[in-house]
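Student: Quick one, work.txt (compact mmCIF, C-alpha atoms):
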# COMPACT_ATOMS: atom_id res chain seq x y z
CA MET A 72 140.05 96.32 174.25
CA SER A 73 137.57 94.66 176.60
CA PHE A 74 135.05 96.13 179.03
CA ASN A 75 137.26 94.82 181.85
CA SER A 76 139.95 97.33 180.87
CA LEU A 77 137.67 100.35 181.26
CA GLY A 78 137.61 100.25 185.05
CA LEU A 79 134.00 99.17 185.42
CA SER A 80 132.85 97.28 188.51
CA ASP A 81 132.21 93.54 188.66
CA ALA A 82 128.47 94.17 189.01
CA LEU A 83 128.36 96.15 185.77
CA LEU A 84 130.63 93.70 183.96
CA LYS A 85 128.24 90.92 184.98
CA ALA A 86 125.29 92.84 183.49
CA ILE A 87 127.26 93.58 180.31
CA SER A 88 128.22 89.93 179.96
CA LYS A 89 124.60 88.89 180.46
CA LYS A 90 123.66 91.00 177.45
CA GLY A 91 126.31 89.22 175.42
CA TYR A 92 128.68 92.14 174.91
CA THR A 93 132.44 91.65 175.15
CA THR A 94 134.05 94.59 173.34
CA PRO A 95 133.13 98.24 173.94
CA SER A 96 132.30 100.39 170.93
CA PRO A 97 134.65 103.26 170.00
CA ILE A 98 132.48 105.88 171.74
CA GLN A 99 132.33 103.74 174.86
CA GLN A 100 136.11 103.28 174.85
CA LYS A 101 136.65 107.03 174.57
CA ALA A 102 133.89 108.35 176.83
CA ILE A 103 133.72 105.95 179.77
CA PRO A 104 137.22 106.57 181.24
CA PRO A 105 136.97 110.39 181.50
CA ILE A 106 133.44 110.15 182.88
CA LEU A 107 134.64 107.74 185.55
CA GLU A 108 137.33 110.32 186.39
CA GLY A 109 134.59 112.86 187.06
CA LYS A 110 135.36 115.06 184.07
CA ASP A 111 132.87 116.94 181.93
CA VAL A 112 132.53 115.37 178.49
CA LEU A 113 131.38 116.62 175.09
CA ALA A 114 130.81 113.53 172.95
CA SER A 115 129.88 113.19 169.30
CA ALA A 116 128.93 109.79 167.90
CA GLN A 117 126.80 108.40 165.13
CA THR A 118 123.52 106.85 166.20
CA GLY A 119 123.64 103.09 166.67
CA THR A 120 127.18 103.11 168.07
CA GLY A 121 126.39 102.38 171.72
CA LYS A 122 126.24 106.03 172.72
CA THR A 123 123.67 105.51 175.47
CA ALA A 124 125.73 102.90 177.30
CA GLY A 125 128.66 105.27 176.91
CA PHE A 126 127.17 107.45 179.64
CA THR A 127 124.80 105.15 181.53
CA LEU A 128 127.51 102.64 182.47
CA PRO A 129 129.90 105.14 184.10
CA ILE A 130 126.99 106.96 185.78
CA LEU A 131 125.85 103.71 187.37
CA GLN A 132 129.37 103.09 188.60
CA LEU A 133 129.85 106.58 190.03
CA LEU A 134 126.52 106.54 191.84
CA SER A 135 126.96 103.03 193.21
CA GLN A 136 130.33 104.03 194.65
CA GLY A 137 128.98 107.23 196.18
CA LYS A 138 127.34 107.85 199.51
CA HIS A 139 123.86 106.31 199.74
CA LEU A 140 121.15 108.32 201.49
CA SER A 141 118.06 106.61 202.86
CA HIS A 142 115.62 108.97 201.16
CA ARG A 143 117.37 108.63 197.75
CA PRO A 144 117.43 112.15 196.30
CA ILE A 145 117.88 112.44 192.54
CA ARG A 146 121.64 112.34 191.96
CA ALA A 147 121.75 111.94 188.17
CA LEU A 148 119.46 113.79 185.75
CA ILE A 149 119.31 112.77 182.10
CA LEU A 150 117.43 115.16 179.80
CA THR A 151 116.26 114.03 176.37
CA PRO A 152 114.16 115.66 173.64
CA THR A 153 111.55 112.93 173.07
CA ARG A 154 109.48 110.39 174.97
CA GLU A 155 110.75 107.48 172.91
CA LEU A 156 114.38 108.30 173.59
CA ALA A 157 113.67 108.80 177.29
CA ALA A 158 112.00 105.39 177.52
CA GLN A 159 114.87 103.77 175.63
CA ILE A 160 117.46 105.27 177.99
CA LEU A 161 115.57 104.03 181.04
CA ALA A 162 115.44 100.53 179.53
CA ASN A 163 119.20 100.70 179.05
CA ILE A 164 119.71 101.79 182.66
CA LYS A 165 117.46 99.01 183.97
CA GLU A 166 119.41 96.37 182.05
CA TYR A 167 122.81 97.50 183.27
CA SER A 168 121.76 98.23 186.87
CA GLU A 169 120.44 94.71 187.52
CA PHE A 170 123.21 93.95 190.01
CA VAL A 171 123.58 97.36 191.69
CA ASP A 172 121.31 98.97 194.29
CA LEU A 173 120.10 101.98 192.34
CA ARG A 174 116.61 103.18 191.50
CA SER A 175 115.67 104.89 188.25
CA ALA A 176 112.55 106.19 186.55
CA VAL A 177 111.43 108.15 183.51
CA ILE A 178 109.00 111.05 183.20
CA PHE A 179 107.57 112.62 180.06
CA GLY A 180 104.41 114.34 178.90
CA GLY A 181 101.35 112.88 177.24
CA VAL A 182 100.52 110.52 180.10
CA ASN A 183 99.10 110.85 183.61
CA GLN A 184 101.65 112.50 185.89
CA ASN A 185 100.45 110.84 189.11
CA PRO A 186 102.34 107.53 188.71
CA GLN A 187 105.45 109.50 187.81
CA ALA A 188 105.13 111.73 190.86
CA ALA A 189 104.61 108.65 193.04
CA GLN A 190 107.88 107.13 191.84
CA ILE A 191 109.72 110.34 192.62
CA ARG A 192 108.25 110.44 196.14
CA GLN A 193 109.50 106.90 196.77
CA GLY A 194 113.05 108.02 196.07
CA LEU A 195 115.20 107.84 192.94
CA ASP A 196 118.90 107.84 192.16
CA ILE A 197 118.52 108.48 188.43
CA LEU A 198 115.79 110.43 186.66
CA VAL A 199 115.37 110.41 182.88
CA ALA A 200 113.11 113.23 181.72
CA THR A 201 111.89 115.39 178.89
CA PRO A 202 112.22 119.07 179.85
CA GLY A 203 108.55 120.03 179.63
CA ARG A 204 107.18 117.42 182.03
CA LEU A 205 110.10 117.93 184.43
CA ILE A 206 109.38 121.65 184.65
CA ASP A 207 105.68 120.93 185.14
CA LEU A 208 106.40 118.68 188.12
CA GLN A 209 108.97 121.08 189.52
CA ASN A 210 106.46 123.94 189.35
CA GLN A 211 104.11 121.83 191.45
CA GLY A 212 106.81 121.14 194.03
CA LEU A 213 106.81 117.43 193.19
CA VAL A 214 110.49 117.11 192.31
CA SER A 215 113.72 118.49 193.76
CA LEU A 216 116.97 118.76 191.80
CA SER A 217 119.06 120.19 194.63
CA LYS A 218 121.15 117.03 195.06
CA VAL A 219 121.96 116.32 191.41
CA GLU A 220 125.60 115.34 190.95
CA ILE A 221 125.57 114.46 187.25
CA LEU A 222 123.68 116.18 184.42
CA VAL A 223 123.36 114.57 180.98
CA LEU A 224 121.97 116.28 177.91
CA ASP A 225 121.43 113.52 175.38
CA GLU A 226 120.82 114.47 171.75
CA ALA A 227 121.86 117.91 172.94
CA ASP A 228 121.88 119.49 169.49
CA ARG A 229 118.36 118.27 168.84
CA MET A 230 117.10 119.70 172.11
CA LEU A 231 118.53 123.07 171.24
CA ASP A 232 117.13 122.89 167.70
CA MET A 233 113.70 122.01 169.07
CA GLY A 234 113.52 125.11 171.23
CA PHE A 235 114.37 123.69 174.64
CA LEU A 236 117.01 126.32 175.35
CA ARG A 237 114.99 128.28 177.87
CA ASP A 238 113.82 125.12 179.59
CA ILE A 239 117.39 123.85 179.86
CA GLU A 240 118.54 127.19 181.23
CA ARG A 241 115.75 127.19 183.78
CA LEU A 242 116.49 123.63 184.91
CA ILE A 243 120.22 124.28 185.21
CA LYS A 244 119.50 127.10 187.66
CA LEU A 245 117.83 124.52 189.90
CA LEU A 246 120.92 122.29 189.99
CA PRO A 247 123.94 122.55 192.30
CA SER A 248 126.67 124.63 190.70
CA LYS A 249 129.19 121.89 191.45
CA ARG A 250 128.28 118.93 189.26
CA GLN A 251 129.52 116.81 186.38
CA ASN A 252 128.11 117.65 182.95
CA LEU A 253 127.88 115.35 179.94
CA LEU A 254 126.64 116.34 176.48
CA PHE A 255 126.07 113.55 173.97
CA SER A 256 124.85 113.87 170.44
CA ALA A 257 125.04 112.27 167.02
CA THR A 258 126.47 115.47 165.53
CA PHE A 259 127.69 118.83 166.76
CA SER A 260 127.78 121.89 164.54
CA LYS A 261 130.17 124.68 165.43
CA ASP A 262 127.27 126.72 166.80
CA ILE A 263 126.11 123.86 168.99
CA LYS A 264 129.63 123.37 170.34
CA LYS A 265 129.76 127.04 171.20
CA LEU A 266 126.48 126.82 173.05
CA ALA A 267 127.56 123.64 174.81
CA MET A 268 130.63 125.38 176.15
CA GLY A 269 128.31 127.53 178.25
CA ILE A 270 127.33 124.42 180.21
CA LEU A 271 130.55 122.42 180.38
CA HIS A 272 133.65 123.12 182.46
CA HIS A 273 136.99 122.23 180.82
CA PRO A 274 135.38 119.35 178.91
CA VAL A 275 137.07 116.36 177.40
CA GLN A 276 135.93 116.20 173.77
CA VAL A 277 135.52 112.76 172.22
CA GLU A 278 134.38 111.64 168.79
CA ALA A 279 133.69 108.16 167.47
CA THR A 280 133.30 109.23 163.84
CA PRO A 281 133.86 112.43 161.86
CA GLU A 282 131.05 114.88 162.47
CA ASN A 283 128.00 114.97 160.25
CA THR A 284 129.11 111.95 158.23
CA THR A 285 126.81 109.10 157.27
CA VAL A 286 127.33 105.49 158.18
CA ASP A 287 129.40 103.67 155.56
CA ALA A 288 127.10 100.63 155.67
CA ILE A 289 124.13 102.65 154.37
CA ILE A 290 123.41 102.55 150.64
CA GLN A 291 122.07 106.00 149.76
CA LYS A 292 119.94 106.66 146.69
CA VAL A 293 117.99 109.62 145.36
CA TYR A 294 114.97 109.08 143.12
CA PRO A 295 113.97 112.26 141.24
CA CYS A 296 110.19 112.34 141.27
CA ALA A 297 107.37 114.70 140.41
CA LYS A 298 105.95 116.01 143.66
CA GLU A 299 102.44 114.79 142.90
CA LYS A 300 103.73 111.28 142.09
CA LYS A 301 105.66 110.65 145.30
CA THR A 302 102.86 108.74 147.00
CA ALA A 303 102.43 106.42 144.02
CA LEU A 304 106.19 105.85 143.83
CA ILE A 305 106.62 104.95 147.48
CA ILE A 306 103.70 102.50 147.25
CA LYS A 307 105.30 100.96 144.13
CA LEU A 308 108.68 100.57 145.85
CA ILE A 309 107.19 98.90 148.91
CA THR A 310 104.78 96.57 147.15
CA GLU A 311 106.96 95.51 144.21
CA GLY A 312 110.02 95.17 146.43
CA ASN A 313 108.00 93.17 148.97
CA TRP A 314 109.62 95.24 151.71
CA LYS A 315 108.69 94.23 155.23
CA GLN A 316 109.95 97.04 157.44
CA ILE A 317 110.22 100.65 156.26
CA LEU A 318 110.61 103.84 158.24
CA VAL A 319 109.31 106.80 156.23
CA PHE A 320 109.96 110.45 157.03
CA THR A 321 107.76 113.41 156.17
CA ARG A 322 108.28 117.07 157.04
CA THR A 323 104.89 117.62 158.67
CA LYS A 324 102.40 115.81 160.87
CA GLN A 325 99.62 116.42 158.35
CA GLY A 326 101.79 114.96 155.61
CA ALA A 327 102.47 111.87 157.72
CA ASN A 328 98.75 111.31 158.29
CA LYS A 329 97.89 111.78 154.61
CA LEU A 330 100.61 109.41 153.40
CA THR A 331 99.62 106.80 155.98
CA GLU A 332 96.01 106.88 154.80
CA SER A 333 97.14 106.41 151.18
CA MET A 334 99.36 103.48 152.15
CA ILE A 335 96.56 101.78 154.05
CA GLY A 336 94.29 102.32 151.06
CA ALA A 337 96.87 100.51 148.92
CA GLY A 338 96.93 97.54 151.29
CA ILE A 339 100.12 98.45 153.14
CA ARG A 340 99.96 98.04 156.92
CA ALA A 341 101.07 101.47 158.08
CA ALA A 342 100.80 103.83 161.04
CA ALA A 343 101.89 107.42 161.70
CA ILE A 344 103.92 108.58 164.68
CA HIS A 345 104.31 112.27 165.53
CA GLY A 346 103.69 114.85 168.22
CA ASN A 347 99.92 115.03 167.79
CA LYS A 348 99.56 111.33 168.51
CA GLY A 349 98.80 110.31 172.08
CA GLN A 350 101.43 108.34 173.93
CA GLY A 351 99.32 105.18 173.78
CA ALA A 352 99.00 105.41 170.01
CA ARG A 353 102.71 106.11 169.59
CA THR A 354 103.70 103.19 171.79
CA LYS A 355 101.30 100.85 169.97
CA ALA A 356 102.55 101.95 166.54
CA LEU A 357 106.20 101.49 167.48
CA ALA A 358 105.51 98.08 169.03
CA GLY A 359 103.64 96.97 165.91
CA PHE A 360 106.47 98.13 163.72
CA LYS A 361 109.03 96.24 165.76
CA ASP A 362 107.07 92.99 165.92
CA GLY A 363 106.27 93.00 162.20
CA SER A 364 102.53 93.55 162.37
CA LEU A 365 103.11 96.92 160.67
CA THR A 366 105.09 97.25 157.46
CA ALA A 367 105.59 101.00 157.40
CA LEU A 368 106.01 103.57 160.15
CA VAL A 369 105.50 107.11 158.85
CA ALA A 370 107.12 109.70 161.06
CA THR A 371 108.11 113.31 161.42
CA ASP A 372 111.60 114.06 162.69
CA ILE A 373 110.46 113.26 166.22
CA ALA A 374 111.39 109.66 165.33
CA ALA A 375 114.82 110.50 163.95
CA ARG A 376 116.33 110.39 167.43
CA GLY A 377 116.18 107.63 169.95
CA LEU A 378 114.26 104.92 168.12
CA ASP A 379 116.11 101.66 168.62
CA ILE A 380 114.95 99.38 165.83
CA PRO A 381 117.45 96.54 165.31
CA LEU A 382 118.38 95.67 161.74
CA LEU A 383 116.02 98.16 160.09
CA PRO A 384 116.60 97.58 156.36
CA HIS A 385 114.95 100.63 154.75
CA VAL A 386 114.54 104.33 155.46
CA ILE A 387 112.69 106.50 152.95
CA ASN A 388 112.72 110.28 152.92
CA PHE A 389 109.32 110.96 151.40
CA GLU A 390 110.34 114.60 151.71
CA LEU A 391 113.86 115.85 152.22
CA PRO A 392 114.42 117.69 155.50
CA ASN A 393 114.98 121.42 155.26
CA ILE A 394 117.66 121.20 157.95
CA PRO A 395 120.49 119.08 156.50
CA GLU A 396 121.64 117.63 159.83
CA ASP A 397 118.26 115.93 160.11
CA TYR A 398 119.11 113.86 157.03
CA VAL A 399 121.98 112.27 158.94
CA HIS A 400 119.74 111.50 161.90
CA ARG A 401 116.97 110.09 159.72
CA ILE A 402 119.08 107.66 157.73
CA GLY A 403 121.01 106.72 160.88
CA ARG A 404 118.03 104.57 161.82
CA THR A 405 119.36 101.96 159.38
CA GLY A 406 122.83 100.49 158.92
CA ARG A 407 123.22 100.03 162.66
CA ALA A 408 125.45 97.73 164.68
CA GLY A 409 127.37 96.58 161.62
CA ALA A 410 124.30 95.71 159.56
CA SER A 411 123.74 97.08 156.07
CA GLY A 412 120.81 99.32 155.21
CA GLU A 413 119.28 101.36 152.42
CA ALA A 414 118.25 105.01 152.56
CA ILE A 415 116.12 106.28 149.68
CA SER A 416 115.14 109.90 149.15
CA LEU A 417 112.27 110.91 146.88
CA PHE A 418 113.46 114.20 145.44
CA SER A 419 111.22 116.77 143.76
CA PRO A 420 112.56 119.89 142.00
CA ASP A 421 111.39 122.23 144.77
CA GLU A 422 113.79 120.42 147.13
CA THR A 423 116.88 121.27 145.09
CA VAL A 424 118.26 123.60 147.73
CA PHE A 425 117.69 121.01 150.47
CA LEU A 426 119.55 118.32 148.50
CA ARG A 427 122.45 120.65 147.82
CA ASP A 428 122.75 121.48 151.52
CA ILE A 429 122.63 117.80 152.47
CA GLU A 430 125.33 116.85 149.98
CA LYS A 431 127.52 119.68 151.24
CA LEU A 432 127.08 118.53 154.83
CA VAL A 433 127.83 114.83 154.26
CA GLY A 434 130.52 115.49 151.68
CA LEU A 435 128.94 113.21 149.09
CA LYS A 436 127.26 113.58 145.73
CA LEU A 437 124.25 111.33 146.31
CA PRO A 438 123.58 109.05 143.32
CA LYS A 439 120.37 109.68 141.40
CA GLU A 440 118.30 106.99 139.70
CA ASN A 441 115.32 107.73 137.49
CA ILE A 442 112.27 105.48 137.60
CA LYS A 443 110.30 105.51 134.36
CA GLY A 444 106.98 107.24 134.64
CA PHE A 445 107.79 109.16 137.79
CA GLU A 446 110.40 111.63 136.54
CA PRO A 447 109.71 115.31 137.27
CA ASP A 448 109.08 117.83 134.53
CA PRO A 449 112.53 119.08 133.46
CA ASN A 450 111.08 122.59 133.37
CA ALA A 451 109.57 122.40 136.87
CA SER A 452 110.44 125.19 139.28
CA THR A 453 113.31 124.59 141.69
CA GLU A 454 112.09 127.28 144.06
CA PRO A 455 111.91 126.01 147.66
CA ILE A 456 108.53 125.00 149.01
CA LYS A 457 106.40 127.60 150.74
CA GLN A 458 104.04 127.62 153.73
CA GLY A 459 106.69 127.49 156.44
CA GLN A 460 108.10 124.14 155.32
CA GLY A 461 111.10 125.28 153.36
CA ARG A 462 114.29 127.21 153.33
CA GLN A 463 112.63 130.57 152.82
CA GLN A 464 111.10 130.19 156.27
CA ARG A 465 114.17 128.98 158.11
CA ASN A 466 115.37 132.42 159.14
CA SER A 467 111.96 133.91 159.75
CA THR A 468 110.38 134.50 163.13
CA PRO A 469 109.48 131.18 164.76
CA ARG A 470 105.85 130.37 165.25
CA LYS A 471 104.26 131.23 168.55
CA PRO A 472 104.94 128.46 171.05
CA ASN A 473 102.21 126.30 172.53
CA THR A 474 100.11 128.13 175.08
CA ASP A 475 101.23 126.01 178.01
CA ASN A 476 104.76 127.33 177.47
CA SER A 477 104.05 130.85 176.30
CA ASN A 478 104.40 132.32 179.77
CA ARG A 479 107.99 131.15 180.10
CA SER A 480 110.22 134.16 179.89
CA GLY A 481 113.77 135.13 180.60
CA ASN A 482 116.92 135.77 178.63
CA ASN A 483 118.56 132.89 176.88
CA SER A 484 122.17 132.71 177.94
CA PHE A 485 122.87 129.94 175.46
CA GLY A 486 122.47 132.21 172.45
CA PRO A 487 120.00 132.33 169.53
CA ARG A 488 117.99 129.26 168.70
CA ARG A 489 117.07 127.83 165.37
CA PRO A 490 113.39 127.89 164.44
CA GLN A 491 111.30 124.85 165.27
CA GLN A 492 110.33 122.62 162.41
CA ASN A 493 106.89 121.42 163.42
CA ASN A 494 105.90 122.81 166.81
CA ASP A 495 105.82 119.31 168.30
CA ARG A 496 107.77 120.44 171.31
CA ARG A 497 105.66 119.94 174.44
CA SER A 498 103.66 117.07 172.99
CA ARG A 499 106.81 114.98 172.85
Could you spell out this file's structure in structure tokens?
Tutor:
Amino acid sequence: MSFNSLGLSDALLKAISKKGYTTPSPIQQKAIPPILEGKDVLASAQTGTGKTAGFTLPILQLLSQGKHLSHRPIRALILTPTRELAAQILANIKEYSEFVDLRSAVIFGGVNQNPQAAQIRQGLDILVATPGRLIDLQNQGLVSLSKVEILVLDEADRMLDMGFLRDIERLIKLLPSKRQNLLFSATFSKDIKKLAMGILHHPVQVEATPENTTVDAIIQKVYPCAKEKKTALIIKLITEGNWKQILVFTRTKQGANKLTESMIGAGIRAAAIHGNKGQGARTKALAGFKDGSLTALVATDIAARGLDIPLLPHVINFELPNIPEDYVHRIGRTGRAGASGEAISLFSPDETVFLRDIEKLVGLKLPKENIKGFEPDPNASTEPIKQGQGRQQRNSTPRKPNTDNSNRSGNNSFGPRRPQQNNDRRSR
């Protein structure tokens, strides 16, 4: 199948051809036609499969064919959980809209709002936004959503997991009741599907791969390791393997900072990226990682979604995630676009429950390899970690939200939410 067979306009086909693409990915083949027909869509696809173009291309076509108003009200709203993903989506829109008369912009927190507000005043067809900043601007009367025709929730499961339910509910009340709704995500649990059905109307459900599976091209390994030796082991792997580009995941922001400092002390060019970092620092770290001036990028799960790093060879789970779906998202940063990749997890005894849950989710018994001198004590406790980082805390009362959101009230019609992992929410 070619892009020509999907019903896309000549202007979009020209932009696609300019990027060098000839064949749509499976998710694009399945999602683009029903979107062009104006139907609501619930789409599940692994990261790195062309998911973003799966909704941006048909949106550009629908809007370019619609009635153009001189003042350009926002007609398509794309909500995302993180700044990095929002910026990536806008870049995708800009590339494909080169030959159509549509304006687009992105807004997110952590930067001065004035340039963003100025762009909105000038008129936009498409707005990409994180929920927090969008609500801030709406509260100030700087943005109107009364003319939105298409709503997209990208990484919808992650947004719900991160505690954006109330924000999403509030924003939906500001939209016209008659609109097209699209929910895209790497995975959808049964609970997330149930919640999504509260937004969609008679949706077409499409999948590019079985849910919650890991990319076949990724070599997955588990290295059992004493907890206190993990830092030494990761430094050994990177230096002795002469690895040049490694994305490392920790469970907490403090853990990311501490590991980064240790890596730098060992001569590894590293930087941390998480919610406490300013947008300038995050942008600089990501740029350095992409251009090769940094060897290691140490991240919390904020980076598990939306980072587009071509041909990333290595992902290391310094700590296993306590939510098994996050494992899929983390390792999905490698093995993209047909390339091979390696995902290594450093596994300490107190993460036994986490590993079991991950293996159950992905349907695989992950192979373990011992590295001499780093093995954990065979008598070490397998009790989950404490201090709000482990399974014992998953069903407890979530931590109090950041103060700039604590006054947001109202019932949540989408159902119960899962507790936040690291309270990064508004800083994203």
Student: Please indicate the distance in Å from atom CA of Lys348 of chain A to atom CA of Ile178 of chain A, rounded to one decimal place.
Tutor: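 Between these atoms lies a distance of 17.5 Å.
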Student: How big is the axis-aligned box around all listed atoms of segment 208-211 of chain A once 6 Å goes on each side, and where's its centre, in Å to one decimal, as AutoDock Vina command-line options?
Tutor:
--center_x 106.5 --center_y 121.3 --center_z 189.8 --size_x 16.9 --size_y 17.3 --size_z 15.3
Student: For a test of reading the model, state the distance in Å between atom CA of Asn441 of chain A and atom CA of Ala337 of chain A, rounded to one decimal.
Tutor: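 We find that atom CA of Asn441 of chain A and atom CA of Ala337 of chain A lie 22.9 Å from each other.
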Student: With distances taken over all atoms listed in the file, which of A:Gln251, A:Gln316, A:Ser135, A:Gln159 is nearest to Val386 of chain A?
Tutor: A:Gln316
Student: Between atom CA of Leu150 of chain A and atom CA of Ile239 of chain A, what is the distance, to one decimal in Å?
Tutor: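 It comes out at 8.7 Å.
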Student: For segment 144-214 of chain A versus segment 73-87 of chain A, which residues have an atom no more than 9 Å away, and what is each residue's nearest atom pair and distance in Å rounded to one decimal, using only C-alpha atoms, chain-then-number order, as CSV?
Tutor:
residue,atom,partner,partner_atom,distance
A:Glu166,CA,A:Ala86,CA,7.0
A:Tyr167,CA,A:Ala86,CA,5.3
A:Ser168,CA,A:Leu83,CA,7.0
A:Glu169,CA,A:Ala86,CA,6.6
A:Phe170,CA,A:Ala82,CA,5.4
A:Val171,CA,A:Ala82,CA,6.4
Student: Can you write just those residues out, C-alpha atoms, as a PDB file, keeping the file's coordinate frame?
Tutor:
ATOM      1  CA  GLU A 166     119.410  96.370 182.050  1.00  0.00           C
ATOM      2  CA  TYR A 167     122.810  97.500 183.270  1.00  0.00           C
ATOM      3  CA  SER A 168     121.760  98.230 186.870  1.00  0.00           C
ATOM      4  CA  GLU A 169     120.440  94.710 187.520  1.00  0.00           C
ATOM      5  CA  PHE A 170     123.210  93.950 190.010  1.00  0.00           C
ATOM      6  CA  VAL A 171     123.580  97.360 191.690  1.00  0.00           C
TER       7      VAL A 171
END
Student: Excluding same-chain residues fewer than 2 positions from Ala297 of chain A, what lies within 10 Å of it counting all atoms listed in the file, as a VMD selection string?
Tutor: chain A and resid 294 to 295 299 to 302 304 417 to 421 444 to 449 451
Student: Please list as number ranges by chain every residue within 9 Å of Gln184 of chain A, counting only C-alpha atoms and excluding residues in the same chain fewer than 5 positions away.
Tutor: A: 178-179, 189, 204, 208
Student: Have a look at A:Thr201, A:Gln209, A:Gln193, A:Gln276 and name the one nearest to Val112 of chain A; count all atoms listed in the file.
Tutor: A:Gln276
Student: Near Ile339 of chain A, within 9 Å and counting all atoms listed in the file, which residues show up once chain neighbours fewer than 4 positions away are dropped, as a list in words?
Tutor: Ile306, Ile309, Thr310, Thr331, Ser333, Met334, Ile335, Leu365, Thr366 and Ala367 of chain A
Student: In file coordinates, which residues lie within 12 Å of (135.0, 125.4, 183.7) using all atoms listed in the file, given as a list in words?
Tutor: Lys110, Asp111, Val112, Ser248, Lys249, Arg250, Gln251, Asn252, Ala267, Met268, Gly269, Ile270, Leu271, His272, His273, Pro274 and Val275 of chain A
Student: For the residues in the current selection, export C-alpha atoms as a CSV table (one decimal), in the coordinates of the input.
Tutor:
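again_23.csv written:
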chain,number,residue,atom,x,y,z
A,110,LYS,CA,135.4,115.1,184.1
A,111,ASP,CA,132.9,116.9,181.9
A,112,VAL,CA,132.5,115.4,178.5
A,248,SER,CA,126.7,124.6,190.7
A,249,LYS,CA,129.2,121.9,191.4
A,250,ARG,CA,128.3,118.9,189.3
A,251,GLN,CA,129.5,116.8,186.4
A,252,ASN,CA,128.1,117.6,183.0
A,267,ALA,CA,127.6,123.6,174.8
A,268,MET,CA,130.6,125.4,176.2
A,269,GLY,CA,128.3,127.5,178.2
A,270,ILE,CA,127.3,124.4,180.2
A,271,LEU,CA,130.6,122.4,180.4
A,272,HIS,CA,133.6,123.1,182.5
A,273,HIS,CA,137.0,122.2,180.8
A,274,PRO,CA,135.4,119.4,178.9
A,275,VAL,CA,137.1,116.4,177.4
Student: Would you mind writing segment 214-218 of chain A with all heavy atoms, as an mmCIF file, in the frame of the given file?
Tutor:
data_model
loop_
_atom_site.group_PDB
_atom_site.id
_atom_site.type_symbol
_atom_site.label_atom_id
_atom_site.label_comp_id
_atom_site.auth_asym_id
_atom_site.auth_seq_id
_atom_site.Cartn_x
_atom_site.Cartn_y
_atom_site.Cartn_z
ATOM 1 N N VAL A 214 109.150 117.633 192.575
ATOM 2 C CA VAL A 214 110.490 117.110 192.310
ATOM 3 C C VAL A 214 111.525 118.124 192.751
ATOM 4 O O VAL A 214 111.334 119.337 192.603
ATOM 5 C CB VAL A 214 110.660 116.771 190.805
ATOM 6 C CG1 VAL A 214 110.522 118.010 189.942
ATOM 7 C CG2 VAL A 214 112.003 116.109 190.547
ATOM 8 N N SER A 215 112.594 117.642 193.347
ATOM 9 C CA SER A 215 113.720 118.490 193.760
ATOM 10 C C SER A 215 114.973 118.054 193.021
ATOM 11 O O SER A 215 115.268 116.858 192.917
ATOM 12 C CB SER A 215 113.946 118.392 195.267
ATOM 13 O OG SER A 215 115.150 119.059 195.627
ATOM 14 N N LEU A 216 115.722 119.036 192.512
ATOM 15 C CA LEU A 216 116.970 118.760 191.800
ATOM 16 C C LEU A 216 118.181 119.283 192.559
ATOM 17 O O LEU A 216 119.262 119.412 192.000
ATOM 18 C CB LEU A 216 116.910 119.403 190.400
ATOM 19 C CG LEU A 216 115.724 118.992 189.512
ATOM 20 C CD1 LEU A 216 115.733 119.766 188.206
ATOM 21 C CD2 LEU A 216 115.746 117.487 189.244
ATOM 22 N N SER A 217 118.003 119.545 193.836
ATOM 23 C CA SER A 217 119.060 120.190 194.630
ATOM 24 C C SER A 217 120.236 119.282 194.951
ATOM 25 O O SER A 217 121.287 119.761 195.384
ATOM 26 C CB SER A 217 118.465 120.732 195.930
ATOM 27 O OG SER A 217 117.954 119.674 196.735
ATOM 28 N N LYS A 218 120.079 117.977 194.730
ATOM 29 C CA LYS A 218 121.150 117.030 195.060
ATOM 30 C C LYS A 218 121.770 116.387 193.815
ATOM 31 O O LYS A 218 122.529 115.419 193.932
ATOM 32 C CB LYS A 218 120.625 115.935 195.985
ATOM 33 C CG LYS A 218 120.035 116.436 197.305
ATOM 34 C CD LYS A 218 121.099 117.107 198.168
ATOM 35 C CE LYS A 218 120.504 117.541 199.511
ATOM 36 N NZ LYS A 218 121.516 118.229 200.358
#
